[in-house]
$ cat final_36.txt   # compact mmCIF, C-alpha atoms and all ligand atoms
# COMPACT_ATOMS: atom_id res chain seq x y z
CA ALA A 1064 149.12 168.50 7.62
CA ILE A 1065 145.53 167.62 8.38
CA ALA A 1066 144.47 168.48 11.91
CA PRO A 1067 141.24 168.15 13.86
CA SER A 1068 139.88 171.62 14.33
CA ALA A 1069 137.66 172.83 17.11
CA VAL A 1070 134.51 174.63 16.12
CA GLY A 1071 133.18 177.76 17.78
CA SER A 1072 131.08 177.17 20.85
CA MET A 1073 128.20 179.08 19.32
CA GLY A 1074 128.27 176.43 16.63
CA ALA A 1075 126.83 173.11 17.50
CA ALA A 1076 129.10 170.41 16.17
CA PRO A 1077 131.44 168.52 18.50
CA MET A 1078 135.20 168.79 17.98
CA ALA A 1079 135.27 166.31 15.17
CA THR A 1080 135.43 168.39 12.02
CA PHE A 1081 138.71 168.23 10.15
CA ALA A 1082 140.23 171.22 8.43
CA THR A 1083 143.45 171.62 6.52
CA SER A 1084 145.95 173.98 8.05
CA ALA A 1085 147.15 175.21 4.68
CA GLY A 1086 147.16 178.98 4.36
CA SER A 1087 146.25 179.92 7.95
CA PRO A 1088 148.58 182.50 9.59
CA ARG A 1089 151.14 181.49 12.19
CA ARG A 1090 149.65 181.85 15.64
CA LYS A 1091 151.47 181.42 18.93
CA VAL A 1092 149.34 180.39 21.89
CA ALA A 1093 150.54 180.00 25.50
CA VAL A 1094 148.86 178.10 28.32
CA LEU A 1095 149.90 179.37 31.79
CA GLY A 1096 149.20 176.59 34.27
CA ALA A 1097 149.70 173.96 31.58
CA GLY A 1098 150.68 171.22 34.03
CA GLY A 1099 147.32 171.29 35.82
CA GLY A 1100 144.01 169.51 35.58
CA ILE A 1101 142.71 171.93 32.95
CA GLY A 1102 146.08 172.85 31.50
CA GLN A 1103 147.01 169.36 30.30
CA PRO A 1104 143.88 168.43 28.34
CA LEU A 1105 143.60 172.02 27.10
CA SER A 1106 147.15 171.80 25.76
CA LEU A 1107 146.23 168.58 23.96
CA LEU A 1108 143.12 170.14 22.40
CA LEU A 1109 145.10 173.20 21.28
CA LYS A 1110 147.72 170.91 19.71
CA LEU A 1111 144.85 169.51 17.60
CA ASN A 1112 143.77 172.96 16.43
CA SER A 1113 145.09 173.67 12.95
CA GLN A 1114 145.09 177.43 13.67
CA VAL A 1115 147.89 177.03 16.24
CA SER A 1116 151.44 176.96 14.90
CA GLN A 1117 153.34 177.40 18.20
CA LEU A 1118 152.17 176.15 21.57
CA ALA A 1119 154.01 177.36 24.68
CA LEU A 1120 153.21 175.38 27.83
CA TYR A 1121 154.17 177.17 31.05
CA ASP A 1122 153.78 176.08 34.68
CA ILE A 1123 155.90 176.34 37.79
CA ALA A 1124 157.00 172.73 37.18
CA GLY A 1125 156.40 169.69 35.00
CA THR A 1126 155.76 171.26 31.61
CA PRO A 1127 158.73 169.73 29.73
CA GLY A 1128 156.97 166.40 30.28
CA VAL A 1129 153.57 167.66 29.15
CA ALA A 1130 155.14 169.29 26.09
CA ALA A 1131 157.09 166.16 25.15
CA ASP A 1132 153.93 164.07 25.45
CA VAL A 1133 151.53 166.41 23.63
CA GLY A 1134 154.27 167.27 21.14
CA HIS A 1135 154.25 163.74 19.72
CA CYS A 1136 150.78 164.25 18.23
CA ASN A 1137 151.28 164.55 14.49
CA THR A 1138 149.72 167.98 14.06
CA LYS A 1139 151.20 171.30 12.94
CA ALA A 1140 151.79 173.13 16.24
CA GLN A 1141 155.35 173.18 17.55
CA CYS A 1142 155.10 172.49 21.23
CA LYS A 1143 157.54 173.62 23.95
CA GLY A 1144 157.48 173.40 27.73
CA TYR A 1145 158.62 176.25 29.97
CA GLU A 1146 158.89 176.27 33.77
CA GLN A 1147 159.91 178.48 36.68
CA ASP A 1148 161.70 181.61 35.43
CA LYS A 1149 161.01 180.97 31.73
CA LEU A 1150 157.67 182.81 31.70
CA ALA A 1151 158.90 185.74 29.58
CA GLU A 1152 160.17 183.36 26.92
CA ALA A 1153 156.91 181.43 26.97
CA VAL A 1154 154.67 184.45 26.34
CA ARG A 1155 156.90 186.47 24.01
CA GLY A 1156 155.33 186.74 20.54
CA CYS A 1157 152.00 185.26 21.64
CA ASP A 1158 148.74 186.09 19.90
CA LEU A 1159 146.73 184.42 22.65
CA VAL A 1160 147.59 183.62 26.27
CA ILE A 1161 145.21 181.34 28.18
CA VAL A 1162 145.42 181.36 31.98
CA PRO A 1163 144.14 178.35 33.96
CA ALA A 1164 146.80 178.73 36.71
CA GLY A 1165 145.68 178.61 40.31
CA VAL A 1166 144.01 176.47 42.92
CA PRO A 1167 140.62 174.80 42.33
CA ARG A 1168 137.72 174.45 44.80
CA LYS A 1169 137.12 171.64 47.25
CA PRO A 1170 133.62 170.73 48.52
CA GLY A 1171 132.18 173.44 50.76
CA MET A 1172 134.22 176.26 49.19
CA THR A 1173 132.94 179.11 47.05
CA ARG A 1174 134.92 180.45 44.12
CA ASP A 1175 135.56 183.59 46.21
CA ASP A 1176 137.42 181.39 48.72
CA LEU A 1177 140.09 180.99 46.01
CA PHE A 1178 140.68 184.74 45.77
CA LYS A 1179 143.45 184.86 48.40
CA VAL A 1180 145.71 182.51 46.47
CA ASN A 1181 144.65 183.02 42.88
CA ALA A 1182 144.54 186.83 42.83
CA GLY A 1183 148.30 187.00 43.33
CA ILE A 1184 149.00 184.20 40.84
CA VAL A 1185 146.94 185.90 38.13
CA LYS A 1186 148.49 189.29 38.84
CA GLY A 1187 152.03 187.91 38.49
CA LEU A 1188 151.25 186.15 35.23
CA VAL A 1189 149.36 189.09 33.72
CA GLU A 1190 152.20 191.47 34.54
CA ALA A 1191 154.57 189.23 32.59
CA VAL A 1192 152.15 189.23 29.65
CA GLY A 1193 151.82 193.04 29.87
CA LYS A 1194 155.60 193.33 29.77
CA HIS A 1195 156.59 190.68 27.25
CA ALA A 1196 153.48 190.23 25.07
CA PRO A 1197 151.47 193.47 25.42
CA GLY A 1198 149.40 192.90 22.27
CA ALA A 1199 148.28 189.39 23.18
CA ILE A 1200 144.68 188.44 23.85
CA LEU A 1201 144.19 187.08 27.38
CA ASN A 1202 141.63 184.37 28.16
CA ILE A 1203 141.26 184.17 31.94
CA ILE A 1204 140.03 180.87 33.38
CA SER A 1205 141.41 181.10 36.95
CA ASN A 1206 138.72 181.63 39.57
CA PRO A 1207 137.07 183.69 40.83
CA VAL A 1208 136.68 184.90 37.22
CA ASN A 1209 134.36 187.70 38.42
CA SER A 1210 137.43 189.16 40.20
CA THR A 1211 140.40 187.85 38.21
CA VAL A 1212 139.27 189.64 35.04
CA PRO A 1213 139.10 193.03 36.84
CA ILE A 1214 142.51 192.24 38.36
CA THR A 1215 143.86 191.55 34.88
CA ALA A 1216 142.45 194.79 33.51
CA GLU A 1217 143.73 196.91 36.41
CA CYS A 1218 147.23 195.43 36.21
CA LEU A 1219 147.42 196.15 32.49
CA LYS A 1220 146.02 199.67 33.05
CA ALA A 1221 148.73 200.33 35.65
CA MET A 1222 151.32 199.25 33.07
CA GLY A 1223 149.76 201.49 30.39
CA VAL A 1224 149.04 198.56 28.04
CA TYR A 1225 145.35 197.86 28.65
CA ASP A 1226 143.20 197.21 25.59
CA LYS A 1227 139.70 196.25 26.65
CA ARG A 1228 139.17 194.32 23.42
CA LYS A 1229 141.86 191.85 24.48
CA VAL A 1230 140.83 190.70 27.96
CA MET A 1231 138.16 188.00 28.21
CA GLY A 1232 136.94 185.91 31.12
CA VAL A 1233 136.12 182.41 29.91
CA THR A 1234 132.46 181.66 30.69
CA THR A 1235 132.01 179.17 27.84
CA LEU A 1236 131.58 176.28 30.28
CA ASP A 1237 128.34 177.88 31.50
CA VAL A 1238 127.07 177.96 27.91
CA VAL A 1239 128.23 174.37 27.32
CA ARG A 1240 126.39 173.23 30.47
CA ALA A 1241 123.20 175.16 29.69
CA LYS A 1242 123.10 173.60 26.22
CA THR A 1243 123.71 170.10 27.60
CA PHE A 1244 121.10 170.33 30.37
CA TYR A 1245 118.44 171.90 28.10
CA ALA A 1246 118.98 169.31 25.35
CA GLU A 1247 118.89 166.45 27.88
CA MET A 1248 115.70 167.66 29.55
CA LYS A 1249 113.85 168.25 26.29
CA GLY A 1250 115.23 165.34 24.28
CA LEU A 1251 116.85 167.67 21.71
CA ASP A 1252 119.90 167.05 19.56
CA VAL A 1253 122.48 169.02 21.55
CA ALA A 1254 124.37 169.74 18.33
CA ASN A 1255 121.53 172.08 17.30
CA VAL A 1256 121.01 173.78 20.65
CA ASP A 1257 122.04 177.31 21.66
CA VAL A 1258 121.49 178.96 25.04
CA PRO A 1259 122.68 182.49 25.89
CA VAL A 1260 124.29 182.81 29.33
CA ILE A 1261 125.00 186.27 30.73
CA GLY A 1262 126.32 187.90 33.92
CA GLY A 1263 129.40 186.42 35.54
CA HIS A 1264 130.84 183.06 36.53
CA ALA A 1265 129.72 182.16 40.05
CA GLY A 1266 126.39 181.00 41.48
CA ALA A 1267 123.60 183.53 40.99
CA THR A 1268 125.79 185.67 38.72
CA ILE A 1269 125.49 182.93 36.07
CA LEU A 1270 122.22 183.72 34.29
CA PRO A 1271 121.11 181.42 31.46
CA LEU A 1272 118.43 182.94 29.24
CA PHE A 1273 116.31 179.89 28.44
CA SER A 1274 113.58 182.13 26.99
CA GLN A 1275 116.03 182.76 24.11
CA ALA A 1276 117.24 179.17 23.78
CA THR A 1277 116.96 177.57 20.36
CA PRO A 1278 115.25 175.46 19.25
CA LYS A 1279 112.45 176.99 21.30
CA VAL A 1280 110.59 174.41 23.37
CA PRO A 1281 108.02 175.27 26.05
CA LEU A 1282 109.31 175.00 29.64
CA SER A 1283 107.13 174.87 32.74
CA GLN A 1284 108.13 177.25 35.55
CA GLU A 1285 109.42 174.24 37.49
CA GLU A 1286 111.55 173.08 34.54
CA LEU A 1287 112.86 176.61 33.98
CA GLU A 1288 113.85 177.01 37.63
CA GLY A 1289 115.45 173.55 37.66
CA LEU A 1290 117.50 174.24 34.53
CA THR A 1291 118.56 177.68 35.75
CA LYS A 1292 119.68 176.32 39.12
CA ARG A 1293 121.50 173.36 37.58
CA THR A 1294 123.42 175.69 35.25
CA GLN A 1295 124.28 178.03 38.14
CA ASP A 1296 125.40 175.08 40.29
CA GLY A 1297 127.13 173.12 37.49
CA GLY A 1298 130.58 173.76 38.91
CA THR A 1299 129.52 172.69 42.40
CA GLU A 1300 127.97 169.51 40.96
CA VAL A 1301 131.41 168.54 39.61
CA VAL A 1302 133.26 169.65 42.77
CA GLN A 1303 131.01 167.43 44.88
CA ALA A 1304 131.26 164.46 42.52
CA LYS A 1305 135.08 164.75 42.56
CA ALA A 1306 134.89 164.74 46.37
CA GLY A 1307 138.01 166.72 47.18
CA LYS A 1308 139.95 165.97 43.99
CA GLY A 1309 139.32 169.35 42.39
CA SER A 1310 136.77 170.89 40.06
CA ALA A 1311 135.84 170.63 36.38
CA THR A 1312 138.91 170.02 34.26
CA LEU A 1313 137.90 168.02 31.18
CA SER A 1314 134.70 169.87 30.29
CA MET A 1315 136.56 173.09 31.11
CA ALA A 1316 139.41 172.20 28.77
CA TYR A 1317 136.83 171.45 26.07
CA ALA A 1318 135.06 174.78 26.68
CA ALA A 1319 138.34 176.75 26.73
CA ALA A 1320 139.45 175.06 23.51
CA LEU A 1321 136.17 176.00 21.81
CA PHE A 1322 136.53 179.57 23.00
CA ALA A 1323 140.20 179.78 21.94
CA ASP A 1324 139.22 178.46 18.52
CA SER A 1325 136.66 181.27 18.17
CA VAL A 1326 139.22 183.87 19.28
CA LEU A 1327 141.71 182.58 16.71
CA ARG A 1328 139.10 182.47 13.95
CA GLY A 1329 138.30 186.11 14.74
CA LEU A 1330 142.01 187.05 14.66
CA ASN A 1331 142.35 185.23 11.35
CA GLY A 1332 139.56 187.30 9.77
CA THR A 1333 136.44 185.19 10.28
CA PRO A 1334 134.35 186.98 12.94
CA THR A 1335 132.65 184.77 15.53
CA MET A 1336 130.02 185.30 18.22
CA GLU A 1337 130.59 184.17 21.81
CA TYR A 1338 129.37 184.84 25.33
CA THR A 1339 132.27 186.03 27.49
CA TYR A 1340 132.96 188.18 30.55
CA VAL A 1341 134.45 191.48 29.38
CA ASP A 1342 134.82 195.19 30.07
CA SER A 1343 131.25 196.28 29.54
CA ASN A 1344 128.71 199.08 29.75
CA VAL A 1345 125.71 196.85 29.12
CA THR A 1346 124.69 197.10 32.83
CA GLU A 1347 125.98 199.08 35.82
CA ALA A 1348 128.63 196.35 36.34
CA PRO A 1349 131.93 197.38 34.69
CA TYR A 1350 132.58 193.75 33.75
CA PHE A 1351 129.78 191.55 32.49
CA ALA A 1352 129.29 188.49 30.29
CA SER A 1353 127.08 188.96 27.26
CA LYS A 1354 127.23 188.23 23.56
CA VAL A 1355 130.27 189.67 21.82
CA LYS A 1356 131.61 189.72 18.29
CA LEU A 1357 135.21 188.54 18.10
CA SER A 1358 137.31 189.74 15.18
CA THR A 1359 140.84 190.71 14.18
CA GLU A 1360 141.58 192.82 17.29
CA GLY A 1361 139.60 190.73 19.78
CA VAL A 1362 136.24 192.01 21.02
CA GLU A 1363 134.84 194.17 18.21
CA LYS A 1364 131.36 194.65 19.67
CA VAL A 1365 129.62 193.94 22.96
CA PHE A 1366 125.90 193.34 22.44
CA GLY A 1367 123.29 194.62 24.88
CA LEU A 1368 120.51 192.66 26.56
CA GLU A 1369 117.25 192.26 24.72
CA GLY A 1370 113.93 190.53 25.19
CA MET A 1371 114.50 189.24 28.72
CA THR A 1372 111.52 187.84 30.62
CA ASP A 1373 110.49 189.12 34.05
CA TYR A 1374 112.04 185.98 35.59
CA GLU A 1375 115.37 186.74 33.88
CA LYS A 1376 115.20 190.45 34.75
CA GLU A 1377 114.73 189.41 38.38
CA GLY A 1378 117.79 187.13 38.07
CA LEU A 1379 119.78 190.06 36.73
CA LYS A 1380 118.71 192.23 39.66
CA THR A 1381 119.53 189.50 42.16
CA MET A 1382 123.05 188.92 40.85
CA MET A 1383 124.18 192.56 40.84
CA PRO A 1384 125.28 193.00 44.48
CA GLU A 1385 127.36 189.79 44.37
CA LEU A 1386 128.85 190.63 40.99
CA MET A 1387 129.72 194.19 42.01
CA LYS A 1388 131.30 192.97 45.26
CA SER A 1389 133.56 190.52 43.40
CA ILE A 1390 134.49 193.13 40.79
CA ASN A 1391 135.34 195.70 43.44
CA ALA A 1392 137.40 193.15 45.38
CA GLY A 1393 139.44 192.55 42.22
CA ILE A 1394 139.91 196.25 41.48
CA ASP A 1395 140.88 196.99 45.11
CA PHE A 1396 143.36 194.12 45.18
CA ALA A 1397 145.09 195.24 41.99
CA LYS A 1398 145.25 198.88 43.13
CA GLU A 1399 146.56 198.03 46.60
CA ALA A 1400 149.16 195.66 45.21
CA SER A 1401 150.50 198.08 42.59
P1 LIG B 1501 145.07 172.45 39.14
O1 LIG B 1501 145.51 172.62 40.55
O2 LIG B 1501 144.89 171.06 38.64
O3 LIG B 1501 146.09 173.16 38.16
C1 LIG B 1501 146.51 174.46 38.36
C2 LIG B 1501 147.91 174.60 37.83
O4 LIG B 1501 148.33 175.94 38.02
C3 LIG B 1501 148.95 173.70 38.55
O5 LIG B 1501 149.64 172.90 37.62
C4 LIG B 1501 149.87 174.70 39.22
O6 LIG B 1501 151.23 174.28 39.29
C5 LIG B 1501 149.71 175.90 38.30
N1 LIG B 1501 150.18 177.14 38.90
C6 LIG B 1501 150.03 177.61 40.17
N2 LIG B 1501 150.66 178.78 40.30
C7 LIG B 1501 151.20 179.07 39.09
C8 LIG B 1501 151.97 180.13 38.60
N3 LIG B 1501 152.32 181.16 39.38
N4 LIG B 1501 152.34 180.10 37.31
C9 LIG B 1501 152.01 179.07 36.51
N5 LIG B 1501 151.29 178.02 36.92
C10 LIG B 1501 150.90 178.03 38.20
O7 LIG B 1501 143.72 173.29 38.95
P2 LIG B 1501 142.67 173.22 37.73
O8 LIG B 1501 141.66 172.21 38.03
O9 LIG B 1501 143.43 173.15 36.47
O10 LIG B 1501 141.97 174.65 37.89
C11 LIG B 1501 142.69 175.84 37.65
C12 LIG B 1501 141.82 177.06 37.89
O11 LIG B 1501 140.75 177.11 36.94
C13 LIG B 1501 141.14 177.10 39.25
O12 LIG B 1501 141.22 178.39 39.77
C14 LIG B 1501 139.70 176.74 38.95
O13 LIG B 1501 138.81 177.24 39.90
C15 LIG B 1501 139.53 177.40 37.61
N6 LIG B 1501 138.40 176.92 36.80
C16 LIG B 1501 137.70 177.85 36.07
C17 LIG B 1501 136.64 177.46 35.27
C18 LIG B 1501 135.90 178.46 34.46
O14 LIG B 1501 134.82 178.14 33.95
N7 LIG B 1501 136.40 179.64 34.24
C19 LIG B 1501 136.29 176.10 35.21
C20 LIG B 1501 137.03 175.19 35.95
C21 LIG B 1501 138.09 175.61 36.76
C1 LIG B 1502 133.28 175.54 37.15
O1 LIG B 1502 132.30 176.24 36.86
O2 LIG B 1502 133.29 174.31 36.99
C2 LIG B 1502 134.51 176.22 37.67
O3 LIG B 1502 134.30 177.56 37.93
C3 LIG B 1502 135.13 175.50 38.83
C4 LIG B 1502 134.35 175.59 40.11
O4 LIG B 1502 134.95 175.89 41.14
O5 LIG B 1502 133.14 175.36 40.09
$ encode --input "final_36.txt" --output "structure tokens"
Amino acid sequence: AIAPSAVGSMGAAPMATFATSAGSPRRKVAVLGAGGGIGQPLSLLLKLNSQVSQLALYDIAGTPGVAADVGHCNTKAQCKGYEQDKLAEAVRGCDLVIVPAGVPRKPGMTRDDLFKVNAGIVKGLVEAVGKHAPGAILNIISNPVNSTVPITAECLKAMGVYDKRKVMGVTTLDVVRAKTFYAEMKGLDVANVDVPVIGGHAGATILPLFSQATPKVPLSQEELEGLTKRTQDGGTEVVQAKAGKGSATLSMAYAAALFADSVLRGLNGTPTMEYTYVDSNVTEAPYFASKVKLSTEGVEKVFGLEGMTDYEKEGLKTMMPELMKSINAGIDFAKEAS
């Protein structure tokens, strides 16, 4: 079978390259929250990825329909819908479990306002993964990512199955946005643009490093501040434009599919580089997004921060209290609930 294959988000090409699936290992991927705004297009994009041989689509309801629909695409992955109490079956044997389950923001809300509902949802799902698919890599999309990743880690620690190489908060959308906004402002071909984005995934904790963007183009202080703010507020821009009908879903599905493709490439023996929010000792924050090398066991190496400008160092200092507060809220929640 010939299937469209996503390319890594550090790479520049859009999802239009075609690769044969011949010879790639069998990989089972589950999407938890597959009936939602992100879950549906993400499931479609994963069905187009020639590295996926089995696609398990889980939600509390509606996934048989999504699976029947997506399953008619003539690509390799076998697609099955699971709902309600079929979570164990959905995740069993998975190499990768992607979690976009939970409520999205409405105008006026912060990502932290989602904590009350989403913390419990993520905990329940992660516990099932810890029990039925303890070796799987987890890609956490559900907000607030700054807290849901610590919740994930703490739950798995309590179960005795935590492997820090296997838990990743998906911050690829911040990279995707930074690339798009930089290319647009400077009239660059976005296919050749890279922008590192570090920190976390909410407001000031999102820190794009435009001083290290490539190709390097001079930015005035005003342009730099405008690009930084637009990247930090990218999610809010979409929430406001959708005016009560949710947050980013399509660009998020695209970003998650790029990230999943990189994770799978790493698992399949071709290491990739990504920015993602992981267990970290790069700063005083125990979870932090920076460049990582993804390989056969997940995160092989977390790279430190280098060559930051004074403006970026100031951004790093500014984000820390907010990031630490969200991390601690996640850790406390998981400990209290266990
Ligand atoms: P949505 O409401 O459209 O879909 C969420 C889905 O989760 C629904 O289908 C719902 O039934 C399902 N769900 C709820 N509880 C569940 C459970 N216990 N098990 C399985 N499924 C369950 O929302 P959306 O727009 O898809 O957004 C989902 C989440 O992703 C939100 O928290 C949002 O803030 C977050 N998000 C993160 C990023 C990021 O960059 N990391 C980007 C966009 C959105
Ligand atoms: C985003 O960055 O688009 C997501 O985190 C959703 C949101 O609430 O902004």
$ closest_atom_pairs --input "final_36.txt" --of "chain A" --to "ligand LIG 1502 (chain B)" --cutoff "9 Å" --atoms "all atoms listed in the file" --output "JSON lines"
{"residue": "A:Pro1167", "atom": "CA", "partner": "B:LIG1502", "partner_atom": "O4", "distance": 5.9}
{"residue": "A:Arg1168", "atom": "CA", "partner": "B:LIG1502", "partner_atom": "O4", "distance": 4.8}
{"residue": "A:Lys1169", "atom": "CA", "partner": "B:LIG1502", "partner_atom": "O4", "distance": 7.8}
{"residue": "A:Met1172", "atom": "CA", "partner": "B:LIG1502", "partner_atom": "O4", "distance": 8.1}
{"residue": "A:Thr1173", "atom": "CA", "partner": "B:LIG1502", "partner_atom": "O4", "distance": 7.0}
{"residue": "A:Arg1174", "atom": "CA", "partner": "B:LIG1502", "partner_atom": "O4", "distance": 5.4}
{"residue": "A:Leu1177", "atom": "CA", "partner": "B:LIG1502", "partner_atom": "O4", "distance": 8.7}
{"residue": "A:Ile1204", "atom": "CA", "partner": "B:LIG1502", "partner_atom": "O3", "distance": 8.0}
{"residue": "A:Ser1205", "atom": "CA", "partner": "B:LIG1502", "partner_atom": "O3", "distance": 8.0}
{"residue": "A:Asn1206", "atom": "CA", "partner": "B:LIG1502", "partner_atom": "O3", "distance": 6.2}
{"residue": "A:Pro1207", "atom": "CA", "partner": "B:LIG1502", "partner_atom": "O3", "distance": 7.3}
{"residue": "A:Val1208", "atom": "CA", "partner": "B:LIG1502", "partner_atom": "O3", "distance": 7.7}
{"residue": "A:Thr1234", "atom": "CA", "partner": "B:LIG1502", "partner_atom": "O1", "distance": 8.2}
{"residue": "A:Leu1236", "atom": "CA", "partner": "B:LIG1502", "partner_atom": "O1", "distance": 6.6}
{"residue": "A:Asp1237", "atom": "CA", "partner": "B:LIG1502", "partner_atom": "O1", "distance": 6.9}
{"residue": "A:His1264", "atom": "CA", "partner": "B:LIG1502", "partner_atom": "O3", "distance": 6.6}
{"residue": "A:Ala1265", "atom": "CA", "partner": "B:LIG1502", "partner_atom": "O3", "distance": 6.8}
{"residue": "A:Gly1266", "atom": "CA", "partner": "B:LIG1502", "partner_atom": "O1", "distance": 8.9}
{"residue": "A:Gln1295", "atom": "CA", "partner": "B:LIG1502", "partner_atom": "O1", "distance": 8.3}
{"residue": "A:Asp1296", "atom": "CA", "partner": "B:LIG1502", "partner_atom": "O5", "distance": 7.7}
{"residue": "A:Gly1297", "atom": "CA", "partner": "B:LIG1502", "partner_atom": "O1", "distance": 6.1}
{"residue": "A:Gly1298", "atom": "CA", "partner": "B:LIG1502", "partner_atom": "O5", "distance": 3.2}
{"residue": "A:Thr1299", "atom": "CA", "partner": "B:LIG1502", "partner_atom": "O5", "distance": 5.1}
{"residue": "A:Glu1300", "atom": "CA", "partner": "B:LIG1502", "partner_atom": "O5", "distance": 7.9}
{"residue": "A:Val1301", "atom": "CA", "partner": "B:LIG1502", "partner_atom": "O2", "distance": 6.6}
{"residue": "A:Val1302", "atom": "CA", "partner": "B:LIG1502", "partner_atom": "O5", "distance": 6.3}
{"residue": "A:Gly1309", "atom": "CA", "partner": "B:LIG1502", "partner_atom": "O4", "distance": 8.0}
{"residue": "A:Ser1310", "atom": "CA", "partner": "B:LIG1502", "partner_atom": "C3", "distance": 5.0}
{"residue": "A:Ala1311", "atom": "CA", "partner": "B:LIG1502", "partner_atom": "O2", "distance": 4.5}
{"residue": "A:Thr1312", "atom": "CA", "partner": "B:LIG1502", "partner_atom": "O2", "distance": 7.6}
{"residue": "A:Ser1314", "atom": "CA", "partner": "B:LIG1502", "partner_atom": "O2", "distance": 8.2}
{"residue": "A:Met1315", "atom": "CA", "partner": "B:LIG1502", "partner_atom": "O2", "distance": 6.8}
$ residues_around --input "final_36.txt" --residues "Thr1235 (chain A)" --least-positions-apart "3" --cutoff "12 Å" --atoms "all atoms listed in the file" --output "short mmCIF file (atom, residue, chain, number, x, y, z; two decimals) with C-alpha atoms, in the frame of the given file"
data_model
loop_
_atom_site.label_atom_id
_atom_site.label_comp_id
_atom_site.auth_asym_id
_atom_site.auth_seq_id
_atom_site.Cartn_x
_atom_site.Cartn_y
_atom_site.Cartn_z
CA GLY A 1071 133.18 177.76 17.78
CA SER A 1072 131.08 177.17 20.85
CA MET A 1073 128.20 179.08 19.32
CA ASN A 1202 141.63 184.37 28.16
CA ILE A 1203 141.26 184.17 31.94
CA ILE A 1204 140.03 180.87 33.38
CA VAL A 1208 136.68 184.90 37.22
CA MET A 1231 138.16 188.00 28.21
CA GLY A 1232 136.94 185.91 31.12
CA VAL A 1238 127.07 177.96 27.91
CA VAL A 1239 128.23 174.37 27.32
CA ARG A 1240 126.39 173.23 30.47
CA ALA A 1241 123.20 175.16 29.69
CA LYS A 1242 123.10 173.60 26.22
CA ASP A 1257 122.04 177.31 21.66
CA VAL A 1258 121.49 178.96 25.04
CA PRO A 1259 122.68 182.49 25.89
CA VAL A 1260 124.29 182.81 29.33
CA ILE A 1261 125.00 186.27 30.73
CA GLY A 1263 129.40 186.42 35.54
CA HIS A 1264 130.84 183.06 36.53
CA ILE A 1269 125.49 182.93 36.07
CA PRO A 1271 121.11 181.42 31.46
CA THR A 1294 123.42 175.69 35.25
CA SER A 1314 134.70 169.87 30.29
CA MET A 1315 136.56 173.09 31.11
CA ALA A 1316 139.41 172.20 28.77
CA TYR A 1317 136.83 171.45 26.07
CA ALA A 1318 135.06 174.78 26.68
CA ALA A 1319 138.34 176.75 26.73
CA ALA A 1320 139.45 175.06 23.51
CA LEU A 1321 136.17 176.00 21.81
CA PHE A 1322 136.53 179.57 23.00
CA ALA A 1323 140.20 179.78 21.94
CA ASP A 1324 139.22 178.46 18.52
CA SER A 1325 136.66 181.27 18.17
CA MET A 1336 130.02 185.30 18.22
CA GLU A 1337 130.59 184.17 21.81
CA TYR A 1338 129.37 184.84 25.33
CA THR A 1339 132.27 186.03 27.49
CA TYR A 1340 132.96 188.18 30.55
CA ALA A 1352 129.29 188.49 30.29
CA SER A 1353 127.08 188.96 27.26
CA LYS A 1354 127.23 188.23 23.56
#
$ residues_around --input "final_36.txt" --residues "Thr1268 (chain A)" --least-positions-apart "6" --cutoff "7 Å" --atoms "all atoms listed in the file" --output "list in words"
Gly1262, Met1382 and Leu1386 of chain A
$ write_last_selection --input "final_36.txt" --atoms "C-alpha atoms" --output "compact mmCIF listing (two decimals), in the coordinates of the input"
# COMPACT_ATOMS: atom_id res chain seq x y z
CA GLY A 1262 126.32 187.90 33.92
CA MET A 1382 123.05 188.92 40.85
CA LEU A 1386 128.85 190.63 40.99
$ closest_residue --input "final_36.txt" --among "A:Val1192, A:Val1256, A:Ala1182, A:Ala1097" --to "Tyr1145 (chain A)" --atoms "only C-alpha atoms"
A:Ala1097
$ atom_distance --input "final_36.txt" --atom1 "CA of Leu1330 (chain A)" --atom2 "CA of Ser1358 (chain A)"
5.4 Å
$ closest_residue --input "final_36.txt" --among "A:Met1222, A:Leu1327, A:Val1180, A:Val1160" --to "Val1115 (chain A)" --atoms "only C-alpha atoms"
A:Leu1327
$ closest_residue --input "final_36.txt" --among "A:Pro1127, A:Gly1183, A:Pro1088, A:Gly1361" --to "ligand LIG 1501 (chain B)" --atoms "all atoms listed in the file"
A:Gly1183
$ atom_distance --input "final_36.txt" --atom1 "CA of Glu1247 (chain A)" --atom2 "CA of Leu1105 (chain A)"
25.3 Å
$ residues_near_point --input "final_36.txt" --point "(113.6, 176.2, 32.8)" --cutoff "10 Å" --atoms "only C-alpha atoms" --output "VMD selection string"
chain A and resid 1244 to 1245 1248 1271 to 1274 1281 to 1293
$ write_last_selection --input "final_36.txt" --atoms "C-alpha atoms" --output "tab-separated table (two decimals), in the coordinates of the input"
chain	number	residue	atom	x	y	z
A	1244	PHE	CA	121.10	170.33	30.37
A	1245	TYR	CA	118.44	171.90	28.10
A	1248	MET	CA	115.70	167.66	29.55
A	1271	PRO	CA	121.11	181.42	31.46
A	1272	LEU	CA	118.43	182.94	29.24
A	1273	PHE	CA	116.31	179.89	28.44
A	1274	SER	CA	113.58	182.13	26.99
A	1281	PRO	CA	108.02	175.27	26.05
A	1282	LEU	CA	109.31	175.00	29.64
A	1283	SER	CA	107.13	174.87	32.74
A	1284	GLN	CA	108.13	177.25	35.55
A	1285	GLU	CA	109.42	174.24	37.49
A	1286	GLU	CA	111.55	173.08	34.54
A	1287	LEU	CA	112.86	176.61	33.98
A	1288	GLU	CA	113.85	177.01	37.63
A	1289	GLY	CA	115.45	173.55	37.66
A	1290	LEU	CA	117.50	174.24	34.53
A	1291	THR	CA	118.56	177.68	35.75
A	1292	LYS	CA	119.68	176.32	39.12
A	1293	ARG	CA	121.50	173.36	37.58
